[in-house]
Amino acid sequence: MSSISQHKRLSSRYLLLSLVVALVPLFIFAGLYDRYFDQLVSKITDGRINTQVAAVQNEFRVHLRERLYQLDVLADELDSPEIFQKDGKQNLPEELEALLRLQTDLNNVYGIAFFDAEKQFLWSFPEYAYSPDRYHAVQPYKTQFEQADILGPEEFTFDRPSSVLLVKPIIGLSGNNKAPYLGLILRFNSLAAIPKSLGTDGIFTPYLGVPGNRIFDIVGQPVQSIDQYAQTFDLFPGWSIKLKQNEVLAAPPSATLRYWLIGLVILTAACLLLVHWFISKRLNRQLDTLIVGIERVASGDLKSPVPTQPGTELDRLTIAIEKMRSQLNQVIQSNVEMERRASLGNLAAGLAHDIRNPLNIVGITTKALLKRELNDEKKEMLSMVKDELGRVNRVIDNLLNFARPTPPKQEVVILAEELQLVSNLLNATVHKHKANLRIECDATLELLADPTHLHQVLINLVLNAIQSFNGQGGNVTINAKREPEELVIAVIDNGPGIDSSHLERIFEPFYTTKSTGTGLGLAICQALIQANHGRMEIHSTSEGTTVCLKFPIQAKLDDTYE
Amino acid sequence: MQNKNKFKLRINNTLCLLMACLLSQSTLAETRLGSADEYATKVGCLFPMTGRGGLYGHDSLIGIQIALEKIASSPRYPELQVLIEDSRSKASRATRIARTFAQEEGARFLCGVVNSSVAIQVAQVASQEEVFFIGTDHASSRLTEPLTNPYYFRLSNNTKQSMLAGAKYIKEHLLPKTNNRPIRISYIAPDYEYGYSVWQDLTSALDELNVPYQIVTTLWPRLYEANYSPFIRALMEQPTDLIVNSMWGGDLVAFIQQAKSTPLFDHSAFANFDTGGNYEVLAALGDDMPDGLIMSSRHHTNWPRTELNHWFVERFKAISGRYPSYAAEGAYSGLMAIAESLAIAGTNASNDTIRKTLEQLVLHLPEDPIGYSSFMDERTHQIQQVIAIGTTQANSNQLPAKKLLGDWVVYYPSRFSPFKNKE
């Protein structure tokens, strides 16, 4: 548990560090961006807009002055009082009518209106260009521009575009004390479009404020709300330019961008937490598996391997722990084996000393009695006693061999010759059991070993193989080959194999499956091979058994058998 | 036999003069076509020959040429001499020229005029000078409904007729798509008489047909506006089911070109019921013309598929190397109406007789489908013709236009009730 909490503390620190590393620069960047944006917008909006607005204000004045000049030109020509009467159209000479047509050809002028000295509407040119009702409707929207009145614009309708009336008195009209008035019916949309240059860079949307607290956009549509207009620039009484900062730039940096940044920060933190959770879970899982393996070893189970975790962070650690478990197991097994063998040796030496001498006496006596005995029945009985005594002696020899094997007298042997010798020795027995023995060995293979031990082990193994055939016959092969670091002699048979339950205990002394066996054969073989610095392995299936004797190529000549 | 030879001689003289005039037309301020005989009936025509409307003038001139060929090929028609001047779409210039035609040239007929505002003032001059004004290209219904000028006759459909057809189209083809809610309409038109007239006629027609509608906005860019982007933005700012546009010629081309790079045509259906399907517009836009726009025109190069229309379109192409705008067929119709009325009433007939003849006029024109002939309504002096509305679709049969109108919906006028215009 402590390791987990340690791990948690470590990963939490890692998480905290990651958050700091990721978020602090992001906040700094956002702050700098805020400031930069603020400055940029201020620079653009405050610096340039004043100049542009001044230009538009001037454009307005110039536009209206041109129209006033147009009125002056007309006034110079329309100098007959008869024109400024209700039926003035009928009194209009042809050339003056042509002049009026010329003046109304302009796209910005819908027509020309005539008024009497009391500013009562008389008639218009073209006839349909204006009416008394329309004149009456614009009276509330009268303002002054220089020497002229500006009336309008008219209330917005879907039916037709609005107009603005520019009215000026005709000073010095012959024969008239009171000056009548002349008006130009102007296209309001032309006036509304003048501020459009203020909106071309996309920062502001320009509008035109007109008398009656009305506001129009640059295409002449009325706009309802006036709350959001940041700046107003007067043109002349009642008329103004209004600039609405675009919502995208209304609160620099824009709210949308700010939300995006906040979202980005939250997303980053969420990603880090997710990564942290994932890594923690993965590490916990790996640690849990490792801890279970270690706890199993701690509880004494040295044989179950600690599972390795290839491709994970703990791969090297689990491999090291598994290696440690394996070596520990080997050391403990080796010590146990040595102690067991020492105890067995002491026991065997005692038994040999205490049993062999009386047995020798019994044997010599039995032989003597056998020679003198004439009765065949008794002779046979004594002969049986002698055989059994011999068998007891062989058991004691085996026991002594196992407990205190003779130290190996190692010499370099030509392996092929040794194997052939073994084959010759076993030839008769092999034939008797209807079996075949085959030797596979390179003639150049050499081995540093005690040839007597080698013969004893190989004969024992071949005999075991032949016995496993149960008289049914079979093939036994002794195969010797050199591997990179070892020389391997394999005794292979195609017998019925050894049950897996027996395999685990097969090298234990006195463990046998035969009714007449002593259970020391393989134990002695293993002892002899180990005395020659080799090792012995058995693999068995239902199709046969292979016993491998493996000798290191570089034998430790200085080692002595204990 | 003598008459036949005389007729042949007359044809030759006419054609010689025609060719001479055409060859020199680009260098003279005034163009004369037709008979050189001083006793020939003179017709003074006013068309814009320069600026954005210049193409209308040139097409009208070729239309007049084709009409003169037709007139010269038949002995029943009188000799006509056609004088053509550039009005520059200015009322001051047009009225001055009209007066000159009447007073100095002795013209008995005036014809042409593209701009409705100009036409109203020319009509006043015609009335003052007691000469007949045969309108061929302008469409404002104010001139004919109600009729205030006995010397005015119009040989092309007016805005009231085309808007009534447009309102029927809206009712039959667009309203069903709005799920029983009033159709939302935005309107954009040039800021002059024609634009007001179209809008008034459209809303009147929608009211008359009981079409539920809601006006979203009306926008009035000036004639020959260069930059439509503020108007396009304003149209896209509010949800709309239909944008009705009544621009014409170069203005419509410029508007569509500028709107093409915006989502305007996805924002709403788009219709131009009076002039949008004009071949001039289709040719100028080529591939830039979007599919599915609802358009009509006073004459179509690919409808009706009659022998007369095919002849007219191909003859125009043979002369000019291109397909005609509706102005050509308008001018052709105007001149044929003059010739027909003189053929019936006689060249020396009084004004009253000619007026009565014109009021009863029936003419078979290139835009008339099989079995139908255009006729003059005597109360309004407004010709009654079939109106065909189509949608733009890919068609390379008449290059350089890459899109032509198709999926036609055809509306016939009533013989006896032109005000109601019900089938």
# chains A, B, ... in the order shown; residues from 1 in each chain; ligands from 1
>>> interface_residues(of="chain B", to="chain A", cutoff="6 Å", atoms="only C-alpha atoms", output="list of chain:residue names")
B:Lys90, B:Ser92, B:Thr218
>>> write_last_selection(atoms="C-alpha atoms", output="short mmCIF file (atom, residue, chain, number, x, y, z; two decimals), in the first residue's frame")
data_model
loop_
_atom_site.label_atom_id
_atom_site.label_comp_id
_atom_site.auth_asym_id
_atom_site.auth_seq_id
_atom_site.Cartn_x
_atom_site.Cartn_y
_atom_site.Cartn_z
CA LYS B 90 -31.83 61.35 -70.05
CA SER B 92 -33.99 66.35 -70.93
CA THR B 218 -37.58 47.08 -49.79
#
>>> residues_around(residues="B:Tyr194", least_positions_apart="3", cutoff="12 Å", atoms="only C-alpha atoms", output="VMD selection string")
(chain A and resid 160) or (chain B and resid 114 to 120 137 to 143 158 to 160 188 to 191 197 to 201 220 222 to 223 245 to 248 274 to 275)
>>> residues_around(residues="B:Ile387", least_positions_apart="3", cutoff="12 Å", atoms="only C-alpha atoms", output="NGL selection string")
:B and (156-166 or 168-169 or 273-275 or 277 or 295-300 or 303-304 or 367-369 or 372 or 374 or 383-384 or 390 or 408-414 or 421 or 423)
>>> residues_around(residues="A:Val476", least_positions_apart="2", cutoff="10 Å", atoms="only C-alpha atoms", output="ChimeraX atom specification")
/A:430,435-439,462-463,465-466,473-474,478-479,491-495,544-546
>>> write_last_selection(atoms="C-alpha atoms", output="PDB file, in the first residue's frame")
ATOM      1  CA  VAL A 430      18.903 -54.627 -27.135  1.00  0.00           C
ATOM      2  CA  ALA A 435      14.734 -53.021 -29.872  1.00  0.00           C
ATOM      3  CA  ASN A 436      17.008 -50.983 -32.119  1.00  0.00           C
ATOM      4  CA  LEU A 437      19.792 -48.747 -30.896  1.00  0.00           C
ATOM      5  CA  ARG A 438      21.221 -46.103 -33.172  1.00  0.00           C
ATOM      6  CA  ILE A 439      24.164 -43.814 -32.551  1.00  0.00           C
ATOM      7  CA  VAL A 462      19.343 -46.984 -22.578  1.00  0.00           C
ATOM      8  CA  LEU A 463      18.247 -49.816 -20.303  1.00  0.00           C
ATOM      9  CA  ALA A 465      14.349 -46.880 -22.425  1.00  0.00           C
ATOM     10  CA  ILE A 466      14.368 -50.551 -23.467  1.00  0.00           C
ATOM     11  CA  GLY A 473      10.225 -53.442 -29.208  1.00  0.00           C
ATOM     12  CA  GLY A 474      11.131 -49.885 -30.170  1.00  0.00           C
ATOM     13  CA  ILE A 478      21.733 -41.661 -28.812  1.00  0.00           C
ATOM     14  CA  ASN A 479      22.265 -38.316 -30.485  1.00  0.00           C
ATOM     15  CA  VAL A 491      18.859 -40.486 -25.389  1.00  0.00           C
ATOM     16  CA  ILE A 492      15.623 -40.629 -27.362  1.00  0.00           C
ATOM     17  CA  ASP A 493      13.096 -43.418 -27.350  1.00  0.00           C
ATOM     18  CA  ASN A 494       9.698 -43.855 -28.894  1.00  0.00           C
ATOM     19  CA  GLY A 495       8.250 -45.631 -25.922  1.00  0.00           C
ATOM     20  CA  GLY A 544       8.402 -40.971 -26.380  1.00  0.00           C
ATOM     21  CA  THR A 545      10.956 -39.678 -23.919  1.00  0.00           C
ATOM     22  CA  THR A 546      14.096 -37.658 -24.420  1.00  0.00           C
TER      23      THR A 546
END
>>> residues_around(residues="stretch 148-155 of chain B", least_positions_apart="5", cutoff="6 Å", atoms="only C-alpha atoms", output="list in words")
Ser127, Phe132, Phe133, Ile134, Gly135, Thr136, Gly334, His381, Gln382 and Ile383 of chain B
>>> write_last_selection(atoms="N, CA and C atoms", output="PDB file, in the first residue's frame")
ATOM      1  N   SER B 127     -47.851  64.026 -76.723  1.00  0.00           N
ATOM      2  CA  SER B 127     -49.219  64.519 -76.606  1.00  0.00           C
ATOM      3  C   SER B 127     -49.298  65.992 -77.036  1.00  0.00           C
ATOM      4  N   PHE B 132     -47.907  60.168 -82.457  1.00  0.00           N
ATOM      5  CA  PHE B 132     -48.114  58.918 -81.715  1.00  0.00           C
ATOM      6  C   PHE B 132     -46.772  58.425 -81.152  1.00  0.00           C
ATOM      7  N   PHE B 133     -46.833  58.038 -79.904  1.00  0.00           N
ATOM      8  CA  PHE B 133     -45.627  57.495 -79.264  1.00  0.00           C
ATOM      9  C   PHE B 133     -45.842  55.988 -79.055  1.00  0.00           C
ATOM     10  N   ILE B 134     -45.058  55.196 -79.794  1.00  0.00           N
ATOM     11  CA  ILE B 134     -45.174  53.734 -79.699  1.00  0.00           C
ATOM     12  C   ILE B 134     -44.051  53.257 -78.770  1.00  0.00           C
ATOM     13  N   GLY B 135     -44.411  52.960 -77.535  1.00  0.00           N
ATOM     14  CA  GLY B 135     -43.413  52.503 -76.554  1.00  0.00           C
ATOM     15  C   GLY B 135     -42.999  51.073 -76.833  1.00  0.00           C
ATOM     16  N   THR B 136     -41.722  50.829 -76.799  1.00  0.00           N
ATOM     17  CA  THR B 136     -41.249  49.463 -77.118  1.00  0.00           C
ATOM     18  C   THR B 136     -40.470  48.803 -75.981  1.00  0.00           C
ATOM     19  N   GLY B 334     -42.849  47.316 -82.441  1.00  0.00           N
ATOM     20  CA  GLY B 334     -43.290  48.708 -82.553  1.00  0.00           C
ATOM     21  C   GLY B 334     -43.409  49.149 -83.999  1.00  0.00           C
ATOM     22  N   HIS B 381     -54.452  51.129 -74.222  1.00  0.00           N
ATOM     23  CA  HIS B 381     -53.413  51.215 -75.254  1.00  0.00           C
ATOM     24  C   HIS B 381     -52.200  50.340 -74.914  1.00  0.00           C
ATOM     25  N   GLN B 382     -52.486  49.259 -74.260  1.00  0.00           N
ATOM     26  CA  GLN B 382     -51.437  48.342 -73.826  1.00  0.00           C
ATOM     27  C   GLN B 382     -51.597  47.026 -74.582  1.00  0.00           C
ATOM     28  N   ILE B 383     -50.541  46.592 -75.250  1.00  0.00           N
ATOM     29  CA  ILE B 383     -50.607  45.322 -75.981  1.00  0.00           C
ATOM     30  C   ILE B 383     -50.792  44.173 -74.981  1.00  0.00           C
TER      31      ILE B 383
END
>>> residues_around(residues="A:Lys409", least_positions_apart="4", cutoff="10 Å", atoms="only C-alpha atoms", output="count of residues only")
8
